[in-house]
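First up is the structure itself, then whatever we jot down about it.
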Amino acid sequence: MKILVIEDDEKIAQFICVGLQREGHTVDIATTGTEGADLLAGNRYDAAVLDIMLPGVSGLDILRNARRRGDATPVLVLSAKGELDDRVRGLEAGADDYMPKPFAFSELYARIHAITRRASGAQTETRLTAGDVTLDLLTRTCTRDGRKIELQPREFTLLELLLRNVNHPLDKTTIQERIWGLGIEPQTNIVDVLVCKLRNKIDSGFESKRIQTIRGVGYVFRSEA
Amino acid sequence: MFSVRKPKFLHSFVFYLLLGYLAVYAIGTVTVFLLTRHVIVKSVRGYDRQDVMAESKDLVSLLEQNLSGNLLAEAVTMKHYPPSTIFIVRILNKSGREEYTMSWPVRFALPVWRGTEEAPLPPEGFSEFFIKAYERHIQIQTTHLKDGRALQVGKGSFLEVDQKGMMLRTLEIFAALSTLFSVLSAFVMLFLTVRPIRKMTGEMTRIIETGEFERGAPPVKSMIGELDTLGRLFNVMTEKYANLIRAMRQTMENVAHDFRTPLTRIRGGCELALNRRDLPEGLADTLADVIEDCDHAKMQLQNLLDAREMESGFVKLSRETFSLSAVLRDLVDMYSLIAEDKGIELRGEFPETDAVYCGDRQRLTRAFANLIDNSVKYTPKGGFVRVSLTREEDGLRVEVSDTGIGIPEDEQGLIWQRLFRGKTAQATEKGLGLGLNIVHVIVTAHGGKITVRSRSGEGTTFTVRL
C-alpha cells in the first residue's frame with residue numbers, strides 16, 4: 001500500500017514511517033499542511049494519516065478540500081488535543097477514523113488496515129486460515145490441526161480479530177474497542193483474561209504457541225511459530 | 001450540579017402583578033362609587049329642598065289669608081309631581097297636635113307624623129328623614145305661622161332611587177371594565193418587564209445545563225431603563241465569562257497538546273526499538289516498561305483534564321439518545337471475564353425492553369464501568385456482584401451492589417472527593433482515587449443522583465438515579 005503521512009512533528013512522522021515501511025508499505029511524509037495538501041492532490045494513496053494541528057493549512061481544511069474534490073482516500077485523523085470535539089469535527093470533515101495522541105503504533109496500524117479494508121468493499125471471506133488454525137465464520141467453528149475447538153462468542157470474536165491481523169500485533173485498547181465498542185479506556189486486565197482463555201483453548205496441547213504476547217505492544221497471532 | 005426550577009404560577013411576578021392591579025382597581029371603583037353617591041344624594045337633597053321651599057312659601061301665603069284646611073287641600077295640587085314622588089303637607093296647632101295632614105301617596109304614613117298628643121313645635125328650618133320602606137330621604141321644612149301654628153312640607157324625590165339604580169349598573173360596568181383593564185395592563189407590564197427577565201433566566205438555564213459558556217448570550221433589551229441596564233450588564237458578564245472559559249479550555253488544550261506530543265514520541269520510539277530482533281538482553285523489558293509508563297501517564301493526564309473540567313461544574317456533555325440497558329449489558333459482559341477469573345458471580349438484571357436515556361454516552365459508560373470495576377475489584381472470591389436497571393416514575397435507577405469489603409461508615413461521606421482512597425481499599429488494591437469522584441461528577445452533571453449504602457465487611461450498594 002502507498003500511504004501518506006502528514007505530521008509536523010518529525011520524530012512522530014519518522015516512527016510512523018519506519019513502522020509502516022517495516023510492514024512493507026510505501027510511505028510519503030509531509031511535515032507542513034501545504035506540502036501535505038499538494039502531495040494528496042497530486043498522487044493516489046491507499047490511505048492517509050493526517051494530524052489536525054499543522055503549520056500552514058490545518059489538517060481539517062486539507063481533508064475538507066480533498067473531500068470537496070471528490071477524493072475518497074481513506075483518512076485517519078490524529079489529534080494531540082484528545083478532546084471529544086476534535087473527534088466530532090474530524091469525522092464531520094470526512095475522516096474515516098480518529099485517534100488521539102499518544103497512540104500505540106499497533107493501534108494505528110490496525111486502524112489503517114480497517115479503513116482501507118472498509119474502503120475496498122465488503123468482506124467476502126467466510127473462512128480465515130493461518131497456519132494450522134481455521135476459523136469458519138458461517139458455522140462459527142474453529143479447528144486446529146483438524147481438531148475442533150469450542151469457543152465462547154467473545155473468544156471467537158477475538159480470534160477472528162487476531163486472524164484478520166495475522167502477524168501484526170494488536171494492542172489492548174484496539175482489542176477491547178473492537179470486541180465491546182464501549183469507547184472507554186481499558187480499566188482492568190480484561191483483555192489479558194480473554195486472551196489467556198483463548199490461548200488455553202488454542203495453544204494447549206500443541207508444541208507451537210500461536211498467540212504470543214509482546215510486552216509493551218500487545219498480542220499477535222503468528223502463522224509461523 | 002444545579003437544577004433549575006421554574007417558578008410556580010402562584011409565586012410568579014405575573015400573578016402578583018395581576019393581584020396588585022385588581023386590588024388597585026377594586027379600591028378605585030369603590031371609592032368612585034361612594035363619592036358619586038355622596039354627590040348625587042347631596043344634589044337630590046338640594047332639588048328637593050328647593051321644591052319644598054317653594055311649596056312652603058305658596059302655602060304660607062295661603063294660610064296667612066286665613067283659609068281653612070279644606071281650601072288648603074284644594075290648593076295643594078300635586079299633578080306636577082310624578083307618581084313616584086312622596087309628598088306630605090301637615091299643619092300643627094299651637095300645642096303641637098296634628099291639625100291637618102295630607103300625603104301622597106295617600107296611604108303613606110310616617111310614625112313621626114302621627115302624633116296626636118301634645119308636644120313642643122319642631123323648630124323652624126329643614127330636617128331630613130330616611131324612610132327605609134321607600135329607600136329614600138325626605139326633606140321637611142317647618143315654617144312657624146304668625147298665628148302660632150306650624151306648617152310642615154315634605155318631599156322625597158324618585159330621583160334618588162332612580163339614580164341609585166343607574167349607579168349600580170354603572171358600577172357593574174365599571175367593575176367589569178376595570179377587571180379587564182387590570183388584566184390587560186398586567187400583560188403589558190409582563191411584556192415590558194418579565195420578558196427580558198425570562199430571556200435572561202432562559203439563557204442562564206441553558207448555560208448552566210449545557211455548560212456551553214463559549215457561545216455567550218444573545219443581547220437582552222428592554223424599554224424599561226433599569227431592566228435594559230441589567231440586560232446589558234448580563235450580556236457583558238456572560239461575554240467576559242465566555243472569554244474566560246474559552247481561554248481556560250484553550251490553555252488546557254495547549255497543556256494537553258504539549259504533553260501528548262512528547263509522550264507520542266517516546267512511545268513510538270520505544271515501540272520501534274522493541275520490534276528489532278537484535279535487542280540486547282533485558283532491553284526489551286526496559287522498553288516495555290517505558291511504554292507502560294507512557295500509557296499510565298496518558299491516562300493520568302486524561303483523568304486530570306476530565307476531573308478539572310468536571311469539577312468546574314460546567315461539563316460540556318455531548319448528549320445523544322442511547323440504550324442504557326445495552327451499554328450496561330455490554331459492561332457486564334466485559335467484566336464477567338474478570339469476575340469469572342476471580343471466582344465472583346457477576347449478574348445483570350435488566351428490563352425486557354431497552355431502557356433509553358439521553359445523555360453523554362461515553363461519559364456515562366465510563367462512570368458505570370468505574371462502579372462495576374470497583375465492585376469487582378473489592379469483592380473477594382466467592383462473592384457476588386449484581387448490576388440492575390429499573391424504570392422508575394421519574395427516570396431510571398441503576399444499582400451496582402456487591403458483597404465486597406464495604407466502606408467504613410466514617411469514610412462514606414468522603415468517597416466522592418478527589419484523590420480520596422479508603423484505608424481498606426488502599427490495603428487491597430492500588431489506584432488513583434479518581435474513580436468515584438469522576439462517577440459522582442458525571443452523574444450530577446446529568447442532573448442525576450448517586451447514593452451509597454455500605455457496611456464494612458458485608459458489601460456496598462451504589463444507587464444511581466437518572
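By convention in this document, the chains of the C-alpha cells carry letters A, B, ... by their order, each chain's residues are numbered from 1, and ligands are numbered from 1 in the order they are shown.
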Helix (DSSP H, G or I) residues, from DSSP on the backbone, in segment 155-186 of chain A, as JSON, numbers by chain: {"A": [155, 156, 157, 158, 159, 160, 161, 162, 163, 164, 172, 173, 174, 175, 176, 177, 178, 179, 180]}
Put those residues in a file: N, CA and C atoms, as a CSV table (one decimal), in the first residue's frame.
```csv
chain,number,residue,atom,x,y,z
A,155,GLU,N,-14.5,-15.1,22.7
A,155,GLU,CA,-13.3,-15.8,22.3
A,155,GLU,C,-13.2,-15.9,20.8
A,156,PHE,N,-14.4,-16.2,20.2
A,156,PHE,CA,-14.5,-16.3,18.8
A,156,PHE,C,-14.1,-15.0,18.1
A,157,THR,N,-14.8,-13.9,18.6
A,157,THR,CA,-14.5,-12.6,18.1
A,157,THR,C,-13.1,-12.2,18.2
A,158,LEU,N,-12.5,-12.5,19.3
A,158,LEU,CA,-11.1,-12.2,19.5
A,158,LEU,C,-10.2,-12.9,18.5
A,159,LEU,N,-10.5,-14.2,18.3
A,159,LEU,CA,-9.7,-15.0,17.4
A,159,LEU,C,-9.8,-14.5,16.0
A,160,GLU,N,-11.1,-14.1,15.6
A,160,GLU,CA,-11.3,-13.6,14.3
A,160,GLU,C,-10.5,-12.3,14.1
A,161,LEU,N,-10.5,-11.4,15.1
A,161,LEU,CA,-9.7,-10.2,15.0
A,161,LEU,C,-8.2,-10.5,14.9
A,162,LEU,N,-7.7,-11.4,15.7
A,162,LEU,CA,-6.3,-11.8,15.6
A,162,LEU,C,-6.0,-12.3,14.2
A,163,LEU,N,-6.8,-13.2,13.7
A,163,LEU,CA,-6.6,-13.8,12.4
A,163,LEU,C,-6.6,-12.8,11.2
A,164,ARG,N,-7.5,-11.8,11.4
A,164,ARG,CA,-7.5,-10.8,10.4
A,164,ARG,C,-6.3,-9.9,10.4
A,172,LYS,N,-4.0,-3.6,23.5
A,172,LYS,CA,-5.2,-3.9,24.3
A,172,LYS,C,-6.3,-3.0,24.0
A,173,THR,N,-6.1,-1.7,23.8
A,173,THR,CA,-7.1,-0.7,23.5
A,173,THR,C,-7.9,-1.2,22.3
A,174,THR,N,-7.1,-1.5,21.2
A,174,THR,CA,-7.8,-1.9,20.0
A,174,THR,C,-8.6,-3.1,20.2
A,175,ILE,N,-8.1,-4.1,20.9
A,175,ILE,CA,-8.8,-5.3,21.1
A,175,ILE,C,-10.1,-5.1,21.9
A,176,GLN,N,-10.0,-4.3,23.0
A,176,GLN,CA,-11.2,-4.1,23.8
A,176,GLN,C,-12.2,-3.3,23.0
A,177,GLU,N,-11.8,-2.3,22.2
A,177,GLU,CA,-12.7,-1.5,21.4
A,177,GLU,C,-13.4,-2.3,20.3
A,178,ARG,N,-12.6,-3.2,19.7
A,178,ARG,CA,-13.2,-4.0,18.6
A,178,ARG,C,-14.2,-5.0,19.1
A,179,ILE,N,-14.0,-5.5,20.3
A,179,ILE,CA,-14.9,-6.5,20.9
A,179,ILE,C,-16.1,-5.9,21.5
A,180,TRP,N,-15.9,-4.9,22.3
A,180,TRP,CA,-17.1,-4.3,23.0
A,180,TRP,C,-17.5,-3.0,22.5
```
Could you pull out all residues of segment 239-372 of chain B with a DSSP call of strand (DSSP E) and give them as JSON, numbers by chain? {"B": [319, 320, 321, 322, 323, 345, 346, 347, 348, 349, 356, 357, 358, 359, 360]}
Writer output for current selection, N, CA and C atoms, as a short mmCIF file (atom, residue, chain, number, x, y, z; two decimals), in the first residue's frame:
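That gives us part_7.cif:
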```cif
data_model
loop_
_atom_site.label_atom_id
_atom_site.label_comp_id
_atom_site.auth_asym_id
_atom_site.auth_seq_id
_atom_site.Cartn_x
_atom_site.Cartn_y
_atom_site.Cartn_z
N ARG B 319 -24.75 15.07 24.43
CA ARG B 319 -25.88 14.18 24.67
C ARG B 319 -26.36 13.50 23.40
N GLU B 320 -26.75 12.28 23.56
CA GLU B 320 -27.38 11.55 22.47
C GLU B 320 -28.34 10.56 23.13
N THR B 321 -29.27 10.06 22.36
CA THR B 321 -30.19 9.08 22.92
C THR B 321 -29.62 7.69 22.65
N PHE B 322 -29.50 6.91 23.71
CA PHE B 322 -28.95 5.58 23.52
C PHE B 322 -29.57 4.63 24.53
N SER B 323 -29.37 3.35 24.30
CA SER B 323 -29.94 2.36 25.21
C SER B 323 -28.98 2.12 26.36
N GLU B 345 -19.43 -14.09 41.15
CA GLU B 345 -20.56 -14.14 40.22
C GLU B 345 -20.98 -12.71 39.90
N LEU B 346 -21.00 -12.38 38.63
CA LEU B 346 -21.44 -11.04 38.20
C LEU B 346 -22.73 -11.22 37.41
N ARG B 347 -23.79 -10.61 37.89
CA ARG B 347 -25.07 -10.81 37.22
C ARG B 347 -25.71 -9.47 36.88
N GLY B 348 -26.33 -9.41 35.70
CA GLY B 348 -27.04 -8.21 35.28
C GLY B 348 -28.53 -8.47 35.26
N GLU B 349 -29.30 -7.53 35.78
CA GLU B 349 -30.76 -7.66 35.74
C GLU B 349 -31.33 -6.44 35.05
N VAL B 356 -34.07 3.49 27.36
CA VAL B 356 -33.39 4.51 26.59
C VAL B 356 -33.16 5.74 27.45
N TYR B 357 -31.99 6.37 27.27
CA TYR B 357 -31.68 7.57 28.02
C TYR B 357 -30.95 8.54 27.11
N CYS B 358 -31.16 9.83 27.35
CA CYS B 358 -30.48 10.85 26.55
C CYS B 358 -29.38 11.46 27.41
N GLY B 359 -28.14 11.14 27.10
CA GLY B 359 -27.04 11.67 27.89
C GLY B 359 -25.74 11.49 27.15
N ASP B 360 -24.64 11.82 27.85
CA ASP B 360 -23.32 11.66 27.26
C ASP B 360 -22.94 10.18 27.37
#
```
Separation of atom CA of Ala119 of chain A from atom CA of Lys11 of chain A in Å: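 Between atom CA of Lys11 of chain A and atom CA of Ala119 of chain A the gap is 28.8 Å.
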Residues of chain A no more than 10 Å from chain B, counting only C-alpha atoms: send them over as a compact mmCIF listing (two decimals) with N, CA and C atoms, in the first residue's frame.
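Final file, result_36.txt:
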```txt
# COMPACT_ATOMS: atom_id res chain seq x y z
N ASP A 9 5.35 16.95 13.48
CA ASP A 9 6.41 16.52 14.40
C ASP A 9 7.25 15.45 13.69
N GLU A 10 8.50 15.81 13.38
CA GLU A 10 9.29 14.92 12.53
C GLU A 10 9.56 13.58 13.16
N LYS A 11 9.76 13.59 14.48
CA LYS A 11 10.07 12.31 15.12
C LYS A 11 8.88 11.37 15.05
N ILE A 12 7.69 11.94 15.29
CA ILE A 12 6.49 11.09 15.23
C ILE A 12 6.30 10.58 13.81
N ALA A 13 6.46 11.51 12.84
CA ALA A 13 6.32 11.12 11.44
C ALA A 13 7.30 10.00 11.10
N GLN A 14 8.51 10.15 11.65
CA GLN A 14 9.56 9.19 11.36
C GLN A 14 9.20 7.78 11.86
N PHE A 15 8.71 7.72 13.11
CA PHE A 15 8.46 6.36 13.61
C PHE A 15 7.23 5.74 12.95
N ILE A 16 6.26 6.57 12.57
CA ILE A 16 5.13 6.01 11.83
C ILE A 16 5.63 5.45 10.50
N VAL A 18 8.74 4.51 9.62
CA VAL A 18 9.56 3.31 9.76
C VAL A 18 8.69 2.10 10.03
N GLY A 19 7.72 2.28 10.92
CA GLY A 19 6.82 1.18 11.27
C GLY A 19 6.07 0.67 10.06
N ARG A 22 8.34 -1.08 7.59
CA ARG A 22 8.70 -2.41 8.06
C ARG A 22 7.61 -3.42 7.72
N MET A 53 -3.41 19.56 13.92
CA MET A 53 -2.68 20.81 14.11
C MET A 53 -1.42 20.82 13.27
N SER A 79 -4.97 13.60 16.61
CA SER A 79 -5.07 14.87 17.31
C SER A 79 -4.38 14.78 18.66
N ALA A 80 -3.66 15.86 18.99
CA ALA A 80 -3.00 15.88 20.29
C ALA A 80 -3.90 16.49 21.34
N LYS A 81 -5.00 17.05 20.90
CA LYS A 81 -5.90 17.67 21.88
C LYS A 81 -6.72 16.62 22.61
N GLY A 82 -7.08 15.59 21.89
CA GLY A 82 -7.79 14.50 22.53
C GLY A 82 -9.17 14.87 23.02
N GLU A 83 -9.66 16.03 22.61
CA GLU A 83 -11.00 16.41 23.05
C GLU A 83 -12.03 15.73 22.17
N LEU A 84 -13.19 15.54 22.77
CA LEU A 84 -14.27 14.91 22.03
C LEU A 84 -14.64 15.73 20.81
N ASP A 85 -14.53 17.07 20.97
CA ASP A 85 -14.86 17.98 19.88
C ASP A 85 -14.07 17.67 18.63
N PRO A 100 -6.61 9.76 19.19
CA PRO A 100 -5.93 10.78 19.99
C PRO A 100 -4.49 10.37 20.27
N LYS A 101 -3.64 11.36 20.45
CA LYS A 101 -2.25 11.08 20.82
C LYS A 101 -2.15 11.00 22.33
N PRO A 102 -1.27 10.30 22.94
CA PRO A 102 -0.37 9.38 22.25
C PRO A 102 -1.06 8.07 21.91
N PHE A 103 -0.54 7.38 20.91
CA PHE A 103 -1.18 6.14 20.48
C PHE A 103 -0.13 5.06 20.35
N ALA A 104 -0.62 3.84 20.27
CA ALA A 104 0.30 2.72 20.05
C ALA A 104 0.38 2.50 18.55
N PHE A 105 1.57 2.20 18.06
CA PHE A 105 1.70 2.00 16.62
C PHE A 105 0.80 0.87 16.15
N SER A 106 0.72 -0.17 17.00
CA SER A 106 -0.11 -1.31 16.59
C SER A 106 -1.56 -0.89 16.39
N ARG A 154 -17.20 -14.38 22.74
CA ARG A 154 -16.16 -13.35 22.82
C ARG A 154 -14.81 -13.89 22.37
N GLN A 176 -10.00 -4.33 22.97
CA GLN A 176 -11.20 -4.06 23.78
C GLN A 176 -12.24 -3.30 22.96
N ILE A 179 -13.96 -5.47 20.34
CA ILE A 179 -14.86 -6.51 20.85
C ILE A 179 -16.10 -5.91 21.50
N TRP A 180 -15.93 -4.89 22.32
CA TRP A 180 -17.10 -4.34 23.02
C TRP A 180 -17.55 -2.97 22.51
N GLY A 181 -16.64 -2.22 21.90
CA GLY A 181 -17.01 -0.94 21.32
C GLY A 181 -17.64 0.04 22.28
N LEU A 182 -17.19 0.05 23.53
CA LEU A 182 -17.82 0.94 24.51
C LEU A 182 -17.17 2.33 24.56
N GLY A 183 -16.03 2.46 23.88
CA GLY A 183 -15.39 3.77 23.83
C GLY A 183 -14.75 4.19 25.13
N ILE A 184 -14.34 3.23 25.97
CA ILE A 184 -13.67 3.62 27.21
C ILE A 184 -12.27 3.01 27.26
N GLU A 185 -11.44 3.65 28.07
CA GLU A 185 -10.08 3.15 28.23
C GLU A 185 -10.12 1.80 28.93
N PRO A 186 -9.17 0.92 28.62
CA PRO A 186 -9.16 -0.35 29.36
C PRO A 186 -8.89 -0.07 30.83
N GLN A 187 -9.74 -0.63 31.69
CA GLN A 187 -9.62 -0.28 33.10
C GLN A 187 -8.89 -1.36 33.88
N THR A 188 -9.24 -2.58 33.63
CA THR A 188 -8.59 -3.67 34.35
C THR A 188 -8.06 -4.60 33.27
N ASN A 189 -7.47 -5.70 33.70
CA ASN A 189 -6.84 -6.59 32.74
C ASN A 189 -7.83 -7.50 32.01
N ILE A 190 -8.92 -6.90 31.53
CA ILE A 190 -9.95 -7.68 30.86
C ILE A 190 -9.41 -8.41 29.64
N VAL A 191 -8.69 -7.62 28.80
CA VAL A 191 -8.18 -8.20 27.56
C VAL A 191 -7.21 -9.35 27.87
N ASP A 192 -6.38 -9.15 28.90
CA ASP A 192 -5.43 -10.20 29.29
C ASP A 192 -6.15 -11.49 29.62
N VAL A 193 -7.25 -11.34 30.37
CA VAL A 193 -8.00 -12.53 30.78
C VAL A 193 -8.60 -13.24 29.57
N LEU A 194 -9.16 -12.44 28.66
CA LEU A 194 -9.78 -13.04 27.48
C LEU A 194 -8.74 -13.74 26.61
N LYS A 197 -7.71 -16.96 28.16
CA LYS A 197 -8.70 -18.05 27.96
C LYS A 197 -8.59 -18.63 26.56
N ILE A 214 3.61 -9.65 23.15
CA ILE A 214 4.80 -8.81 23.00
C ILE A 214 4.65 -7.74 24.06
N ARG A 215 5.42 -7.80 25.09
CA ARG A 215 5.25 -6.88 26.21
C ARG A 215 5.41 -5.45 25.74
N GLY A 216 4.52 -4.60 26.19
CA GLY A 216 4.60 -3.19 25.81
C GLY A 216 3.91 -2.92 24.49
N VAL A 217 3.62 -3.95 23.71
CA VAL A 217 2.99 -3.74 22.41
C VAL A 217 1.60 -4.33 22.40
```
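Shortest atom-to-atom contact with Pro219 of chain B among B:Thr353, B:Thr238, B:Thr451, B:Thr143: B:Thr238, counting only C-alpha atoms.
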Using atom CA of Val44 of chain B and atom CA of His137 of chain B as the two end points, give the distance in Å to one decimal.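 Straight-line distance from atom CA of Val44 of chain B to atom CA of His137 of chain B works out to 9.3 Å.
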Show me, as a PyMOL selection string, the residues that have an atom within 10 Å of Glu23 of chain A when counting only C-alpha atoms, minus same-chain residues fewer than 6 positions from it. chain A and resi 1+17+109+167-168
Next, the residues of the selection above should be written as a JSON list (two decimals), in the first residue's frame with C-alpha atoms.
```json
[["chain", "number", "residue", "atom", "x", "y", "z"],
["A", 1, "MET", "CA", 0.00, 0.00, 0.00],
["A", 17, "CYS", "CA", 7.04, 5.88, 8.55],
["A", 109, "TYR", "CA", -1.72, 0.08, 12.04],
["A", 167, "ASN", "CA", 1.50, -11.44, 12.36],
["A", 168, "HIS", "CA", 0.56, -7.86, 13.24]]
```
Need the shell around segment 391-401 of chain B: protein/DNA/RNA residues with any atom at most 6 Å away, counting only C-alpha atoms. Skip same-chain ones fewer than 3 positions apart. Format as a PyMOL selection string? chain B and resi 385-388+460-466
Please identify all polymer residues within 6 Å of Val133 of chain A, counting only C-alpha atoms, omitting same-chain residues fewer than 4 positions from it, and present them as number ranges by chain. A: 129, 143-144
Write out the residues from the selection above, keeping N, CA and C atoms, as a short mmCIF file (atom, residue, chain, number, x, y, z; two decimals), in the first residue's frame.
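What landed in out_17.cif:
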```cif
data_model
loop_
_atom_site.label_atom_id
_atom_site.label_comp_id
_atom_site.auth_asym_id
_atom_site.auth_seq_id
_atom_site.Cartn_x
_atom_site.Cartn_y
_atom_site.Cartn_z
N THR A 129 -7.84 -18.55 7.64
CA THR A 129 -6.88 -19.60 7.96
C THR A 129 -5.51 -18.99 8.19
N THR A 143 -11.11 -24.85 14.14
CA THR A 143 -10.34 -26.10 14.21
C THR A 143 -8.86 -25.78 14.21
N ARG A 144 -8.09 -26.62 14.92
CA ARG A 144 -6.65 -26.51 14.80
C ARG A 144 -6.13 -27.91 14.52
#
```
If I take atom CA of Leu121 of chain B and atom CA of Glu135 of chain B, how far is one from the other in Å, to one decimal?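 Between atom CA of Leu121 of chain B and atom CA of Glu135 of chain B the gap works out to 27.0 Å.
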For Lys57 of chain B, list every protein, DNA or RNA residue within 12 Å, evaluated using only C-alpha atoms, and leave out those in the same chain fewer than 5 positions away; present the list as an mmCIF file with C-alpha atoms, in the first residue's frame.
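Ended up saving to part.cif:
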```
data_model
loop_
_atom_site.group_PDB
_atom_site.id
_atom_site.type_symbol
_atom_site.label_atom_id
_atom_site.label_comp_id
_atom_site.auth_asym_id
_atom_site.auth_seq_id
_atom_site.Cartn_x
_atom_site.Cartn_y
_atom_site.Cartn_z
ATOM 1 C CA GLN B 50 -85.851 73.925 46.636
ATOM 2 C CA ASP B 51 -89.201 72.348 45.766
ATOM 3 C CA VAL B 52 -90.229 72.130 49.414
ATOM 4 C CA LEU B 62 -102.474 80.907 51.527
ATOM 5 C CA LEU B 63 -102.660 80.162 55.258
ATOM 6 C CA GLU B 64 -101.897 83.791 56.194
ATOM 7 C CA GLN B 141 -89.316 72.232 56.024
ATOM 8 C CA THR B 142 -91.068 73.542 59.113
ATOM 9 C CA THR B 143 -92.380 77.085 58.984
ATOM 10 C CA HIS B 144 -93.939 78.811 62.025
ATOM 11 C CA LEU B 145 -97.020 80.767 61.039
ATOM 12 C CA LEU B 151 -96.636 74.244 58.601
ATOM 13 C CA GLN B 152 -94.574 71.281 57.529
ATOM 14 C CA VAL B 153 -93.969 70.397 53.928
#
```
